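Chemist: Provided herewith: input_8.pdb, PDB, C-alpha atoms.
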ATOM      1  CA  MET A   1       5.192 -19.759  11.621
ATOM      2  CA  ILE A   2       6.663 -22.042   8.933
ATOM      3  CA  ALA A   3       4.355 -24.028   6.699
ATOM      4  CA  THR A   4       4.911 -27.596   5.527
ATOM      5  CA  PRO A   5       4.515 -28.511   1.845
ATOM      6  CA  ALA A   6       1.153 -30.098   2.654
ATOM      7  CA  GLU A   7      -0.129 -27.011   4.449
ATOM      8  CA  PRO A   8       0.051 -23.816   2.372
ATOM      9  CA  LEU A   9       0.812 -20.509   4.006
ATOM     10  CA  ILE A  10      -2.165 -18.130   3.774
ATOM     11  CA  LEU A  11      -1.158 -14.514   4.306
ATOM     12  CA  PRO A  12      -2.790 -11.077   4.122
ATOM     13  CA  ALA A  13      -1.442  -8.328   1.885
ATOM     14  CA  PRO A  14      -3.154  -5.287   3.405
ATOM     15  CA  ALA A  15      -4.002  -2.015   1.702
ATOM     16  CA  LYS A  16      -2.483   1.257   2.857
ATOM     17  CA  LEU A  17      -3.688   4.822   2.937
ATOM     18  CA  ASN A  18      -1.611   7.958   2.726
ATOM     19  CA  ARG A  19      -3.294   9.895   5.532
ATOM     20  CA  MET A  20      -1.350  12.963   4.351
ATOM     21  CA  LEU A  21       1.068  13.559   1.457
ATOM     22  CA  HIS A  22       3.273  16.614   0.968
ATOM     23  CA  ILE A  23       5.655  17.145  -1.948
ATOM     24  CA  ILE A  24       8.585  19.186  -0.675
ATOM     25  CA  GLY A  25      10.900  19.201  -3.685
ATOM     26  CA  ARG A  26      12.184  17.544  -6.827
ATOM     27  CA  ARG A  27      15.491  15.700  -6.990
ATOM     28  CA  PRO A  28      18.008  15.899  -9.866
ATOM     29  CA  ASP A  29      17.048  12.334 -10.873
ATOM     30  CA  GLY A  30      13.457  13.475 -11.445
ATOM     31  CA  TYR A  31      11.964  11.793  -8.376
ATOM     32  CA  HIS A  32      10.042  13.875  -5.874
ATOM     33  CA  GLU A  33      10.861  14.336  -2.189
ATOM     34  CA  LEU A  34       7.833  13.476  -0.088
ATOM     35  CA  GLN A  35       6.572  13.611   3.454
ATOM     36  CA  THR A  36       3.705  11.242   4.151
ATOM     37  CA  LEU A  37       1.884   9.215   6.787
ATOM     38  CA  PHE A  38       1.270   5.565   5.915
ATOM     39  CA  GLN A  39      -1.445   3.546   7.627
ATOM     40  CA  PHE A  40      -2.640  -0.003   6.961
ATOM     41  CA  LEU A  41      -6.215  -1.228   6.522
ATOM     42  CA  ASP A  42      -7.799  -4.493   7.610
ATOM     43  CA  HIS A  43      -8.689  -5.152   3.960
ATOM     44  CA  GLY A  44      -6.525  -6.297   1.080
ATOM     45  CA  ASP A  45      -5.307  -9.171  -1.062
ATOM     46  CA  THR A  46      -4.517 -12.703   0.135
ATOM     47  CA  LEU A  47      -1.469 -14.722  -0.868
ATOM     48  CA  HIS A  48      -1.337 -18.536  -0.702
ATOM     49  CA  ALA A  49       2.087 -20.201  -0.947
ATOM     50  CA  ARG A  50       3.145 -23.842  -0.954
ATOM     51  CA  ARG A  51       6.770 -24.946  -0.941
ATOM     52  CA  ARG A  52       8.228 -26.706  -3.974
ATOM     53  CA  GLN A  53      11.380 -28.816  -3.887
ATOM     54  CA  ASP A  54      12.345 -28.261  -7.543
ATOM     55  CA  GLY A  55      13.128 -24.539  -7.292
ATOM     56  CA  ASP A  56      10.351 -23.435  -9.666
ATOM     57  CA  ILE A  57       8.251 -20.386  -8.778
ATOM     58  CA  ARG A  58       4.766 -20.433 -10.235
ATOM     59  CA  LEU A  59       2.079 -17.790  -9.765
ATOM     60  CA  THR A  60      -1.645 -18.035 -10.487
ATOM     61  CA  PRO A  61      -3.631 -16.383 -11.862
ATOM     62  CA  ALA A  62      -1.906 -14.072 -14.350
ATOM     63  CA  LEU A  63      -2.769 -10.397 -13.796
ATOM     64  CA  ALA A  64      -4.501  -8.839 -16.781
ATOM     65  CA  GLY A  65      -2.356  -6.150 -18.343
ATOM     66  CA  VAL A  66       0.737  -7.040 -16.263
ATOM     67  CA  ALA A  67       3.565  -8.868 -18.021
ATOM     68  CA  GLU A  68       5.104 -11.752 -16.075
ATOM     69  CA  GLU A  69       8.473 -10.025 -15.828
ATOM     70  CA  GLU A  70       6.762  -6.955 -14.313
ATOM     71  CA  ASN A  71       4.676  -8.862 -11.753
ATOM     72  CA  LEU A  72       5.903  -7.733  -8.342
ATOM     73  CA  VAL A  73       5.072 -11.023  -6.611
ATOM     74  CA  LEU A  74       7.209 -13.000  -9.042
ATOM     75  CA  ARG A  75       9.968 -10.406  -8.932
ATOM     76  CA  ALA A  76       9.956 -10.492  -5.113
ATOM     77  CA  ALA A  77      10.056 -14.293  -5.011
ATOM     78  CA  ARG A  78      12.888 -14.516  -7.521
ATOM     79  CA  LEU A  79      14.857 -11.755  -5.814
ATOM     80  CA  LEU A  80      14.623 -13.476  -2.423
ATOM     81  CA  GLN A  81      15.538 -16.817  -3.972
ATOM     82  CA  ALA A  82      18.603 -15.333  -5.676
ATOM     83  CA  GLU A  83      19.805 -13.236  -2.725
ATOM     84  CA  SER A  84      19.406 -16.088  -0.218
ATOM     85  CA  ARG A  85      20.687 -18.740  -2.646
ATOM     86  CA  CYS A  86      17.676 -20.822  -1.699
ATOM     87  CA  ARG A  87      17.084 -23.875  -3.878
ATOM     88  CA  LEU A  88      13.434 -24.223  -2.917
ATOM     89  CA  GLY A  89      10.553 -22.891  -5.016
ATOM     90  CA  ALA A  90       6.886 -22.138  -4.471
ATOM     91  CA  ASP A  91       3.415 -22.410  -5.910
ATOM     92  CA  ILE A  92       1.793 -19.042  -5.242
ATOM     93  CA  HIS A  93      -1.855 -18.126  -5.672
ATOM     94  CA  LEU A  94      -2.902 -14.493  -5.287
ATOM     95  CA  GLU A  95      -6.477 -13.505  -4.444
ATOM     96  CA  LYS A  96      -6.608  -9.969  -5.811
ATOM     97  CA  ARG A  97      -9.152  -7.608  -4.225
ATOM     98  CA  LEU A  98      -7.359  -4.260  -4.423
ATOM     99  CA  PRO A  99      -7.639  -2.333  -7.705
ATOM    100  CA  LEU A 100      -4.515  -1.833  -9.787
ATOM    101  CA  GLY A 101      -3.307   1.759  -9.687
ATOM    102  CA  GLY A 102      -5.709   2.743  -6.929
ATOM    103  CA  GLY A 103      -3.181   4.373  -4.607
ATOM    104  CA  LEU A 104      -3.725   1.606  -2.032
ATOM    105  CA  GLY A 105      -0.317   0.004  -2.477
ATOM    106  CA  GLY A 106      -1.702  -3.323  -3.638
ATOM    107  CA  GLY A 107       1.257  -4.402  -5.768
ATOM    108  CA  SER A 108       3.773  -3.234  -3.161
ATOM    109  CA  SER A 109       1.884  -5.026  -0.402
ATOM    110  CA  ASP A 110       1.733  -8.222  -2.464
ATOM    111  CA  ALA A 111       5.505  -8.010  -2.996
ATOM    112  CA  ALA A 112       6.169  -7.503   0.721
ATOM    113  CA  THR A 113       3.921 -10.418   1.614
ATOM    114  CA  ALA A 114       5.799 -12.586  -0.882
ATOM    115  CA  LEU A 115       9.154 -11.561   0.641
ATOM    116  CA  LEU A 116       8.134 -12.198   4.256
ATOM    117  CA  GLY A 117       6.016 -15.246   3.462
ATOM    118  CA  LEU A 118       8.636 -17.034   1.404
ATOM    119  CA  ASP A 119      11.334 -16.106   3.919
ATOM    120  CA  ALA A 120       9.257 -18.082   6.443
ATOM    121  CA  LEU A 121       8.211 -20.850   4.054
ATOM    122  CA  TRP A 122      11.780 -21.513   2.935
ATOM    123  CA  GLY A 123      13.311 -21.035   6.396
ATOM    124  CA  VAL A 124      15.639 -18.313   5.092
ATOM    125  CA  GLY A 125      15.522 -16.154   8.241
ATOM    126  CA  LEU A 126      16.478 -12.724   6.873
ATOM    127  CA  SER A 127      16.029  -9.712   9.161
ATOM    128  CA  LEU A 128      13.326  -7.122   8.486
ATOM    129  CA  ASP A 129      16.106  -4.641   7.690
ATOM    130  CA  ARG A 130      17.473  -6.916   4.974
ATOM    131  CA  LEU A 131      14.015  -7.711   3.606
ATOM    132  CA  ALA A 132      13.222  -3.971   3.494
ATOM    133  CA  GLU A 133      16.442  -3.404   1.509
ATOM    134  CA  LEU A 134      15.311  -6.016  -0.999
ATOM    135  CA  GLY A 135      11.842  -4.475  -1.053
ATOM    136  CA  LEU A 136      13.180  -1.049  -1.950
ATOM    137  CA  ARG A 137      14.690  -2.580  -5.096
ATOM    138  CA  LEU A 138      11.142  -3.499  -6.102
ATOM    139  CA  GLY A 139       9.451  -0.178  -5.305
ATOM    140  CA  ALA A 140       9.469   2.771  -2.901
ATOM    141  CA  ASP A 141       6.301   1.652  -1.084
ATOM    142  CA  VAL A 142       7.427  -1.941  -0.455
ATOM    143  CA  PRO A 143       9.550  -1.227   2.676
ATOM    144  CA  VAL A 144       6.656   0.122   4.757
ATOM    145  CA  PHE A 145       4.753  -3.121   4.157
ATOM    146  CA  VAL A 146       7.870  -5.151   5.005
ATOM    147  CA  ARG A 147       8.367  -3.290   8.288
ATOM    148  CA  GLY A 148       4.696  -3.582   9.160
ATOM    149  CA  HIS A 149       4.018  -0.472  11.215
ATOM    150  CA  ALA A 150       2.234   2.790  10.471
ATOM    151  CA  ALA A 151       4.962   5.237   9.601
ATOM    152  CA  TRP A 152       6.102   8.720   8.744
ATOM    153  CA  GLY A 153       7.765   8.417   5.352
ATOM    154  CA  GLU A 154      10.324  10.738   3.766
ATOM    155  CA  GLY A 155      12.532  10.691   0.666
ATOM    156  CA  VAL A 156      10.481   8.886  -1.979
ATOM    157  CA  GLY A 157       8.643   7.282   0.945
ATOM    158  CA  GLU A 158      11.372   4.790   1.881
ATOM    159  CA  ARG A 159      12.826   6.564   4.956
ATOM    160  CA  LEU A 160      10.448   5.383   7.658
ATOM    161  CA  THR A 161       9.794   6.301  11.279
ATOM    162  CA  PRO A 162       7.114   4.270  13.134
ATOM    163  CA  VAL A 163       4.173   6.337  14.423
ATOM    164  CA  GLU A 164       0.887   5.740  16.200
ATOM    165  CA  LEU A 165      -2.150   7.142  14.371
ATOM    166  CA  ASP A 166      -5.832   7.184  15.195
ATOM    167  CA  THR A 167      -7.624   4.069  13.913
ATOM    168  CA  PRO A 168     -11.036   5.155  12.610
ATOM    169  CA  TRP A 169     -13.274   3.370  10.152
ATOM    170  CA  PHE A 170     -12.839   4.343   6.524
ATOM    171  CA  VAL A 171     -14.902   4.010   3.399
ATOM    172  CA  VAL A 172     -12.692   3.733   0.314
ATOM    173  CA  VAL A 173     -14.195   4.545  -3.088
ATOM    174  CA  HIS A 174     -12.813   3.711  -6.522
ATOM    175  CA  PRO A 175     -13.977   6.256  -9.151
ATOM    176  CA  GLY A 176     -13.696   3.748 -11.989
ATOM    177  CA  VAL A 177     -10.681   5.319 -13.701
ATOM    178  CA  ALA A 178      -6.984   4.428 -13.733
ATOM    179  CA  VAL A 179      -4.657   7.254 -12.674
ATOM    180  CA  SER A 180      -1.174   7.451 -14.197
ATOM    181  CA  THR A 181       1.357   8.273 -11.480
ATOM    182  CA  PRO A 182       3.910   9.561 -14.045
ATOM    183  CA  ALA A 183       1.231  11.853 -15.500
ATOM    184  CA  VAL A 184       0.478  13.296 -12.062
ATOM    185  CA  PHE A 185       4.114  13.826 -11.079
ATOM    186  CA  GLY A 186       4.894  15.216 -14.530
ATOM    187  CA  ALA A 187       2.075  17.783 -14.501
ATOM    188  CA  GLY A 188       3.265  21.390 -14.581
ATOM    189  CA  GLU A 189       0.674  22.562 -12.076
ATOM    190  CA  LEU A 190       1.614  19.998  -9.388
ATOM    191  CA  THR A 191       2.533  21.529  -6.023
ATOM    192  CA  ARG A 192       6.219  20.671  -5.506
ATOM    193  CA  HIS A 193       7.509  23.083  -2.880
ATOM    194  CA  THR A 194       5.445  22.583   0.263
ATOM    195  CA  PRO A 195       7.647  23.625   3.219
ATOM    196  CA  PRO A 196       8.967  20.579   5.116
ATOM    197  CA  ILE A 197       7.501  19.877   8.555
ATOM    198  CA  THR A 198       8.543  17.680  11.458
ATOM    199  CA  ILE A 199       6.841  14.446  12.500
ATOM    200  CA  ALA A 200       5.744  16.124  15.710
ATOM    201  CA  ARG A 201       4.097  18.984  13.837
ATOM    202  CA  ALA A 202       2.355  16.591  11.454
ATOM    203  CA  LEU A 203       0.947  14.510  14.301
ATOM    204  CA  GLN A 204       0.063  17.565  16.363
ATOM    205  CA  GLY A 205      -1.978  18.950  13.474
ATOM    206  CA  GLY A 206      -4.068  15.785  13.359
ATOM    207  CA  ALA A 207      -6.337  14.425  10.674
ATOM    208  CA  SER A 208      -8.347  17.650  10.350
ATOM    209  CA  GLY A 209      -5.260  19.447   9.018
ATOM    210  CA  TRP A 210      -3.889  16.726   6.732
ATOM    211  CA  ARG A 211      -3.962  17.058   2.961
ATOM    212  CA  ASN A 212      -2.619  15.447  -0.219
ATOM    213  CA  ASP A 213      -0.605  17.736  -2.526
ATOM    214  CA  CYS A 214      -1.497  15.527  -5.517
ATOM    215  CA  GLU A 215      -5.228  16.039  -5.073
ATOM    216  CA  ALA A 216      -5.684  19.289  -7.038
ATOM    217  CA  THR A 217      -3.749  17.916 -10.019
ATOM    218  CA  VAL A 218      -5.624  14.601 -10.009
ATOM    219  CA  ARG A 219      -8.918  16.485  -9.797
ATOM    220  CA  ALA A 220      -7.996  18.469 -12.905
ATOM    221  CA  LEU A 221      -6.722  15.497 -14.905
ATOM    222  CA  TYR A 222      -9.431  13.009 -13.886
ATOM    223  CA  PRO A 223     -12.933  14.505 -13.498
ATOM    224  CA  PRO A 224     -14.424  11.226 -12.130
ATOM    225  CA  VAL A 225     -12.044  11.511  -9.151
ATOM    226  CA  ALA A 226     -13.191  15.086  -8.614
ATOM    227  CA  ASP A 227     -16.815  13.904  -8.702
ATOM    228  CA  VAL A 228     -16.163  11.341  -5.952
ATOM    229  CA  LEU A 229     -14.243  13.835  -3.812
ATOM    230  CA  ASP A 230     -16.991  16.439  -4.132
ATOM    231  CA  TRP A 231     -19.767  13.962  -3.312
ATOM    232  CA  LEU A 232     -17.915  12.228  -0.478
ATOM    233  CA  SER A 233     -16.771  15.482   1.147
ATOM    234  CA  THR A 234     -20.380  16.501   1.792
ATOM    235  CA  ARG A 235     -20.770  13.419   3.997
ATOM    236  CA  ALA A 236     -17.427  12.989   5.794
ATOM    237  CA  PRO A 237     -13.826  14.265   5.694
ATOM    238  CA  ALA A 238     -12.481  12.891   2.400
ATOM    239  CA  MET A 239      -9.079  12.770   0.722
ATOM    240  CA  LEU A 240      -7.191  11.177  -2.142
ATOM    241  CA  THR A 241      -4.712   8.421  -1.241
ATOM    242  CA  GLY A 242      -1.328   8.480  -2.989
ATOM    243  CA  THR A 243      -1.781   9.669  -6.561
ATOM    244  CA  GLY A 244      -5.194   7.968  -6.619
ATOM    245  CA  ALA A 245      -7.487   6.920  -8.054
ATOM    246  CA  CYS A 246      -9.041   5.850  -4.744
ATOM    247  CA  VAL A 247     -10.589   8.343  -2.358
ATOM    248  CA  PHE A 248     -11.241   7.654   1.322
ATOM    249  CA  ALA A 249     -13.588   9.093   3.918
ATOM    250  CA  ARG A 250     -12.947   8.955   7.663
ATOM    251  CA  LEU A 251     -15.909   7.820   9.768
ATOM    252  CA  ALA A 252     -16.581   7.832  13.500
ATOM    253  CA  SER A 253     -17.990   4.295  13.666
ATOM    254  CA  GLU A 254     -18.603   1.123  11.705
ATOM    255  CA  ALA A 255     -22.312   1.960  11.677
ATOM    256  CA  ASP A 256     -21.532   5.295   9.999
ATOM    257  CA  ALA A 257     -19.379   3.457   7.454
ATOM    258  CA  ASP A 258     -22.227   1.038   6.721
ATOM    259  CA  ARG A 259     -24.666   3.916   6.195
ATOM    260  CA  LEU A 260     -22.268   5.631   3.804
ATOM    261  CA  LEU A 261     -21.726   2.397   1.865
ATOM    262  CA  ALA A 262     -25.484   2.055   1.495
ATOM    263  CA  GLU A 263     -25.608   5.538  -0.044
ATOM    264  CA  ILE A 264     -22.751   4.715  -2.421
ATOM    265  CA  ALA A 265     -24.263   1.443  -3.625
ATOM    266  CA  GLY A 266     -24.818   1.583  -7.380
ATOM    267  CA  ARG A 267     -22.705   4.721  -7.853
ATOM    268  CA  TRP A 268     -19.138   3.428  -7.444
ATOM    269  CA  GLN A 269     -17.184   0.451  -6.172
ATOM    270  CA  ALA A 270     -16.418   0.894  -2.474
ATOM    271  CA  PHE A 271     -15.487  -0.970   0.696
ATOM    272  CA  LYS A 272     -15.190  -0.259   4.416
ATOM    273  CA  ALA A 273     -12.107  -0.971   6.513
ATOM    274  CA  ARG A 274     -10.583  -0.158   9.885
ATOM    275  CA  GLY A 275      -7.290   1.702  10.115
ATOM    276  CA  LEU A 276      -4.439  -0.299  11.676
ATOM    277  CA  ASN A 277      -1.082   0.697  13.114
ATOM    278  CA  ARG A 278       0.313  -2.849  12.835
ATOM    279  CA  SER A 279       0.090  -4.901   9.658
ATOM    280  CA  PRO A 280      -2.011  -8.070   9.962
ATOM    281  CA  LEU A 281       0.739  -9.835   7.989
ATOM    282  CA  HIS A 282       3.121  -9.379  10.915
ATOM    283  CA  ASP A 283       0.512 -10.672  13.343
ATOM    284  CA  VAL A 284       0.225 -13.890  11.323
ATOM    285  CA  LEU A 285       3.990 -14.346  10.960
ATOM    286  CA  GLY A 286       4.891 -13.139  14.441
ATOM    287  CA  ARG A 287       7.447 -10.626  13.098
TER     288      ARG A 287
END
In structure tokens, write the structure found in this file.
Modeler:
Amino acid sequence: MIATPAEPLILPAPAKLNRMLHIIGRRPDGYHELQTLFQFLDHGDTLHARRRQDGDIRLTPALAGVAEEENLVLRAARLLQAESRCRLGADIHLEKRLPLGGGLGGGSSDAATALLGLDALWGVGLSLDRLAELGLRLGADVPVFVRGHAAWGEGVGERLTPVELDTPWFVVVHPGVAVSTPAVFGAGELTRHTPPITIARALQGGASGWRNDCEATVRALYPPVADVLDWLSTRAPAMLTGTGACVFARLASEADADRLLAEIAGRWQAFKARGLNRSPLHDVLGR
């Protein structure tokens, strides 16, 4: 699918959940070695892009608290433009629904959508492998969104193996605080030496045995997250995603998700979504 200048490309930038997250070590460069399961949601941001002939890249609106040079959408667009030597530009509008720093991968997903969307809009034609390489230069979570399939992630999350996970309904709750990922990974009490497991063992254990090694530390550092986890866990299996702040509960049906949302109303911001093994972005682009 390639848009014309008169017909903007409208693309999803889906959220992700870490259905499990183990920290199995710390590298000499200070980064942590992880094992995780990524899954997409049918909820997220939306990116609109229209081709420009003058080479300019313009993004609206500005994100509060994010400097232009740090904006991942602009960085992705400029990186693709430079690496492909494309002389075209784009007007980009981002409808932002996912909270910043929520552990849902919003910025990484936006960057991946910009890479794949502009590759189509400009007729560049890079492979997913090449686009994933570019994505990794923007952030460790960008490649999984570029590749577009639920995955087992290792390293800092960039070494990916496609997997098929169950696709329940989820309710995702934002506790109303911003979690600092460096603060979590820098905490002395963080679990850093969980024994490595195989993909087969992780999948065999299933959702009932999955956990997030960051959860205890985030609970201690951010009491509002602990409050949500405690409340939500009395109603459905609940877990932190990434380093937070968002917490998700797994539900058996959409009706159950609706009932839980009704209970949450007025307490916290929350939404329901279905788990997906294939990114809706790739459905739109046919990748």
Chemist: Given the choices A:Trp169, A:Glu95, A:Val225, A:Cys214, which gets closest to Asp42 of chain A if the distance is worked out from all atoms listed in the file?
Modeler: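 Checking each candidate against Asp42 of chain A, we get A:Trp169 as the closest.
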Chemist: Evaluating the PyMOL selection byres ((chain A and resi 227-231) around 12) on the displayed file yields which residues, as a short mmCIF file (atom, residue, chain, number, x, y, z; two decimals) with C-alpha atoms, in the frame of the given file?
Modeler:
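Written output follows (result-v9.cif):
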data_model
loop_
_atom_site.label_atom_id
_atom_site.label_comp_id
_atom_site.auth_asym_id
_atom_site.auth_seq_id
_atom_site.Cartn_x
_atom_site.Cartn_y
_atom_site.Cartn_z
CA VAL A 171 -14.90 4.01 3.40
CA VAL A 172 -12.69 3.73 0.31
CA VAL A 173 -14.20 4.54 -3.09
CA HIS A 174 -12.81 3.71 -6.52
CA PRO A 175 -13.98 6.26 -9.15
CA GLY A 176 -13.70 3.75 -11.99
CA VAL A 177 -10.68 5.32 -13.70
CA GLU A 215 -5.23 16.04 -5.07
CA ALA A 216 -5.68 19.29 -7.04
CA VAL A 218 -5.62 14.60 -10.01
CA ARG A 219 -8.92 16.48 -9.80
CA ALA A 220 -8.00 18.47 -12.90
CA LEU A 221 -6.72 15.50 -14.90
CA TYR A 222 -9.43 13.01 -13.89
CA PRO A 223 -12.93 14.50 -13.50
CA PRO A 224 -14.42 11.23 -12.13
CA VAL A 225 -12.04 11.51 -9.15
CA ALA A 226 -13.19 15.09 -8.61
CA LEU A 232 -17.92 12.23 -0.48
CA SER A 233 -16.77 15.48 1.15
CA THR A 234 -20.38 16.50 1.79
CA ARG A 235 -20.77 13.42 4.00
CA ALA A 236 -17.43 12.99 5.79
CA PRO A 237 -13.83 14.26 5.69
CA ALA A 238 -12.48 12.89 2.40
CA MET A 239 -9.08 12.77 0.72
CA LEU A 240 -7.19 11.18 -2.14
CA THR A 241 -4.71 8.42 -1.24
CA GLY A 244 -5.19 7.97 -6.62
CA ALA A 245 -7.49 6.92 -8.05
CA CYS A 246 -9.04 5.85 -4.74
CA VAL A 247 -10.59 8.34 -2.36
CA PHE A 248 -11.24 7.65 1.32
CA ALA A 249 -13.59 9.09 3.92
CA LEU A 260 -22.27 5.63 3.80
CA GLU A 263 -25.61 5.54 -0.04
CA ILE A 264 -22.75 4.72 -2.42
CA ARG A 267 -22.70 4.72 -7.85
CA TRP A 268 -19.14 3.43 -7.44
CA GLN A 269 -17.18 0.45 -6.17
CA ALA A 270 -16.42 0.89 -2.47
#
Chemist: What are the closest atom pairs, with distances in Å to one decimal, for each residue of segment 141-173 of chain A lying within 9 Å of segment 104-108 of chain A, using all atoms listed in the file, rows by chain and rising residue number, as a Markdown table?
Modeler:
| residue | atom | partner | partner_atom | distance |
| --- | --- | --- | --- | --- |
| A:Asp141 | CA | A:Ser108 | CA | 5.9 |
| A:Val142 | CA | A:Ser108 | CA | 4.7 |
| A:Pro143 | CA | A:Ser108 | CA | 8.5 |
| A:Phe145 | CA | A:Ser108 | CA | 7.4 |
Chemist: Using all atoms listed in the file, which of A:Leu261, A:Ile57, A:Pro12, A:Val66 sits nearest Asp45 of chain A?
Modeler: A:Pro12
Chemist: What separation in Å, quoted to one decimal, exists between atom CA of Ala255 of chain A and atom CA of Trp152 of chain A?
Modeler: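 Going from atom CA of Ala255 of chain A over to atom CA of Trp152 of chain A, I get 29.4 Å.
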Chemist: Considering all atoms listed in the file, can you say which of A:Leu41, A:Ala207, A:Leu131, A:Ile10 comes closest to Pro280 of chain A?
Modeler: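 Between A:Leu41, A:Ala207, A:Leu131, A:Ile10, the residue approaching Pro280 of chain A most closely is A:Leu41.
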Chemist: For this structure, which residues satisfy the selection - the PyMOL selection byres ((chain A and resi 254) around 10) - when it is evaluated on the file as given? I want them as a PyMOL selection string.
Modeler: chain A and resi 168-171+251-253+255-260+272-274
Chemist: Just checking: using all atoms listed in the file, which residue out of A:Gly103, A:Glu83, A:Gln35, A:Gly275 ends up closest to Ile23 of chain A?
Modeler: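 The shortest atom-to-atom distance to Ile23 of chain A comes from A:Gln35.
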Chemist: Can you measure atom CA of Val124 of chain A to atom CA of Arg159 of chain A for me? One decimal in Å is fine.
Modeler: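 Atom CA of Arg159 of chain A lies 25.0 Å from atom CA of Val124 of chain A.
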Chemist: For the structure provided, state which residues fall under the PyMOL selection byres ((chain A and resi 39) around 8), and present them as a VMD selection string.
Modeler: chain A and resid 16 to 19 37 to 38 40 to 41 149 to 151 165 275 to 277
